[in-house]
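Right, one structure below, let's go through it.
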Amino acid sequence: MVAKRRAARPPETYLPLPPATFHILLALADEELHGYAIMKDVAARSDGTVRLGPGTLYGSLKRLLAEGLVAEGGERADPDRGDERRRYYRLTPLGLSVVRAEARRLAAMVRAARRKKLIGVRPA
Amino acid sequence: MSAERIYRLLLHAYPPEFRAEYGREMVLLFRDQCRESDVRTVGFWAAVIRDIARSAPALRVEAWRARRSENTRTVEVIMKLAAILTLLVGVFGIVNTMIEWTAGGTGSIEHSLALGLSVCAGALLLAAGVAIFLRPSERGRQAGRLALLASLVLIVAARLLHPWMSVLSQLVGIGLPIALLIALYWPRKHSTLGAAG
């Protein structure tokens with residue numbers, strides 16, 4: 001019953017997303033990842049300007065799991081690191097809708113800034 | 001003391017439930033960070049402290065809100081049990097008064113009036129129980145309060161008219177509505193959990 005109520009909530013009601021949350025959802029858009037892989041992805045994509053610590057990352061993941069935007073994808077060892085088993089996280093269909101809605105919102109803001117010539121105009 | 005042991009100590013800034021759920025993952029992630037950074041630098045530990053200072057208070061507040069929400073749910077369960085008790089006492093009060101009425105035959109006017117008032121008080125208790133049980137909203141509670149108050153007034157009037165009322169009847173007839181009124185007027189707070197994003 002709770003899941004139905006969550007699914008009925010339009011993605012726009014979750015907006016605007018905090019920057020850390022948007023980055024986490026963006027990292028999970030392609031594939032399911034464990035905590036450290038999310039952290040590395042965010043740092044790489046933002047050229048090191050956004051650095052998520054363990055507390056910020058898992059605090060955000062806890063909220064995203066509670067809201068049904070992210071789901072746990074099981075526990076397994078990372079084949080690249082080959083060490084201890086790690087918990088993987090994946091985006092839910094609702095999470096995908098929300099991150100798309102946030103991307104559209106940000107794109108609209110960028111377009112508005114372009115129209116005002118606050119940032120570079122699109123090359124012809 | 002190793003960096004990991006220090007970090008494990010610092011994790012106590014987080015709520016116990018959060019530590020139990022994510023503590024192991026956080027330590028693993030910290031271990032990864034230690035492999036790629038120089039743990040002897042001030043900058044590394046400043047970042048660790050900044051991360052904890054940013055995230056732990058919010059998670060503590062969320063955990064406190066979740067506990068408060070759980071307490072609210074417990075109060076709701078207690079109220080439902082009290083409503084069932086009120087229903088039973090209301091039915092028992094009416095039946096008991098009717099039996100006394102039929103067994104006593106024709107008594108004085110005061111006695112008959114006291115019994116009539118007791119029946120009404122029992123019916124009001126019944127109504128209060130139904131209102132609280134079926135409509136746990138603010139309107140339901142308000143209707144329950146009014147019914148309990150009216151029941152209390154009637155039972156006191158019945159007691160004044162019929163001083164030989166049993167101690168048990170007085171305790172139930174007066175004590176139960178007072179206890180329920182206190183419970184219904186007790187300040188209630190609503191959960192704000194779920195606003196996080």
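By convention in this document, the chains of the structure tokens carry letters A, B, ... by their order, each chain's residues are numbered from 1, and ligands are numbered from 1 in the order they are shown.
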**Request:** Restrict the distance test to only C-alpha atoms, flag each residue of chain A within 6 Å of chain B, and return the flagged residues as a count of residues only.
**Result:** 5
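Distances here use only C-alpha atoms; by that measure, the residue among B:Leu10, B:Ala20, B:Val39, B:Val75 closest to Ala183 (chain B) is B:Val75.
The spacing separating CA of Ile24 (chain A) from CA of Ile38 (chain A) amounts to 6.5 Å.
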Could you give me, as a PDB file with N, CA and C atoms, in the first residue's frame, the residues within 8 Å of Glu110 (chain B), counting only C-alpha atoms and dropping anything in the same chain fewer than 4 positions from it?
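What landed in result_30.pdb:
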ATOM      1  N   ALA B 114     -31.945   7.977  38.918  1.00  0.00           N
ATOM      2  CA  ALA B 114     -30.512   7.627  38.942  1.00  0.00           C
ATOM      3  C   ALA B 114     -30.229   6.492  37.972  1.00  0.00           C
ATOM      4  N   LEU B 161     -27.989  11.561  43.163  1.00  0.00           N
ATOM      5  CA  LEU B 161     -29.369  11.137  43.393  1.00  0.00           C
ATOM      6  C   LEU B 161     -29.437   9.805  44.137  1.00  0.00           C
ATOM      7  N   HIS B 162     -28.424   8.963  43.910  1.00  0.00           N
ATOM      8  CA  HIS B 162     -28.442   7.602  44.473  1.00  0.00           C
ATOM      9  C   HIS B 162     -27.114   7.347  45.196  1.00  0.00           C
TER      10      HIS B 162
END
**Request:** If you run DSSP over the backbone, which residues in chain A end up alpha helix (DSSP H)? Put them as a ChimeraX atom specification.
**Result:** /A:2-8,19-27,35-45,54-67,93-115
**Asked** Could you state the separation of CA of Val156 (chain B) and CA of Ala82 (chain B) in Å, given to one decimal place?
**Response** 21.3 Å
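The space separating CA of Gln142 (chain B) from CA of Ala128 (chain B) comes to 9.5 Å.
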**Asked** Ile94 (chain B): which residues within 10 Å, counting only C-alpha atoms, same-chain residues fewer than 5 positions away excluded, as an NGL selection string?
**Response** :B and (89 or 99-100 or 115-116 or 118-123 or 125-126)
Written selection (C-alpha atoms) as a PDB file, in the first residue's frame:
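Once written, selection_2.pdb looks like this:
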ATOM      1  CA  VAL B  89     -17.800  -0.821  29.905  1.00  0.00           C
ATOM      2  CA  ILE B  99     -30.800  -5.713  35.584  1.00  0.00           C
ATOM      3  CA  GLU B 100     -30.834  -3.532  38.708  1.00  0.00           C
ATOM      4  CA  LEU B 115     -30.912   4.377  37.002  1.00  0.00           C
ATOM      5  CA  GLY B 116     -32.154   6.309  33.947  1.00  0.00           C
ATOM      6  CA  SER B 118     -26.821   5.583  34.495  1.00  0.00           C
ATOM      7  CA  VAL B 119     -28.303   4.023  31.340  1.00  0.00           C
ATOM      8  CA  CYS B 120     -27.753   7.297  29.484  1.00  0.00           C
ATOM      9  CA  ALA B 121     -24.173   7.519  30.842  1.00  0.00           C
ATOM     10  CA  GLY B 122     -23.523   3.965  29.654  1.00  0.00           C
ATOM     11  CA  ALA B 123     -24.945   4.814  26.213  1.00  0.00           C
ATOM     12  CA  LEU B 125     -19.661   5.796  26.993  1.00  0.00           C
ATOM     13  CA  LEU B 126     -20.657   3.432  24.204  1.00  0.00           C
TER      14      LEU B 126
END
Extract, using only C-alpha atoms, all DNA, RNA and protein residues at most 10 Å from Asp78 (chain A), discarding same-chain residues fewer than 6 positions from it, and format them as a JSON list (two decimals) with N, CA and C atoms, in the first residue's frame.
[["chain", "number", "residue", "atom", "x", "y", "z"],
["A", 33, "LEU", "N", 25.98, 0.21, -8.79],
["A", 33, "LEU", "CA", 27.33, 0.45, -8.25],
["A", 33, "LEU", "C", 27.34, 0.29, -6.74],
["A", 34, "HIS", "N", 28.53, 0.06, -6.18],
["A", 34, "HIS", "CA", 28.68, 0.06, -4.72],
["A", 34, "HIS", "C", 29.12, 1.46, -4.27],
["A", 37, "ALA", "N", 32.37, 3.02, -5.67],
["A", 37, "ALA", "CA", 32.28, 3.30, -7.11],
["A", 37, "ALA", "C", 31.44, 4.55, -7.35],
["A", 84, "GLU", "N", 36.54, -7.52, -0.05],
["A", 84, "GLU", "CA", 35.33, -7.89, 0.69],
["A", 84, "GLU", "C", 34.06, -7.65, -0.13],
["A", 85, "ARG", "N", 32.99, -8.34, 0.27],
["A", 85, "ARG", "CA", 31.70, -8.17, -0.40],
["A", 85, "ARG", "C", 31.17, -6.77, -0.12],
["A", 86, "ARG", "N", 30.60, -6.17, -1.15],
["A", 86, "ARG", "CA", 30.06, -4.81, -1.03],
["A", 86, "ARG", "C", 28.60, -4.80, -1.46],
["A", 87, "ARG", "N", 27.86, -3.88, -0.86],
["A", 87, "ARG", "CA", 26.45, -3.75, -1.20],
["A", 87, "ARG", "C", 26.31, -2.87, -2.44],
["A", 88, "TYR", "N", 25.57, -3.36, -3.41],
["A", 88, "TYR", "CA", 25.36, -2.61, -4.65],
["A", 88, "TYR", "C", 24.00, -1.91, -4.62]]
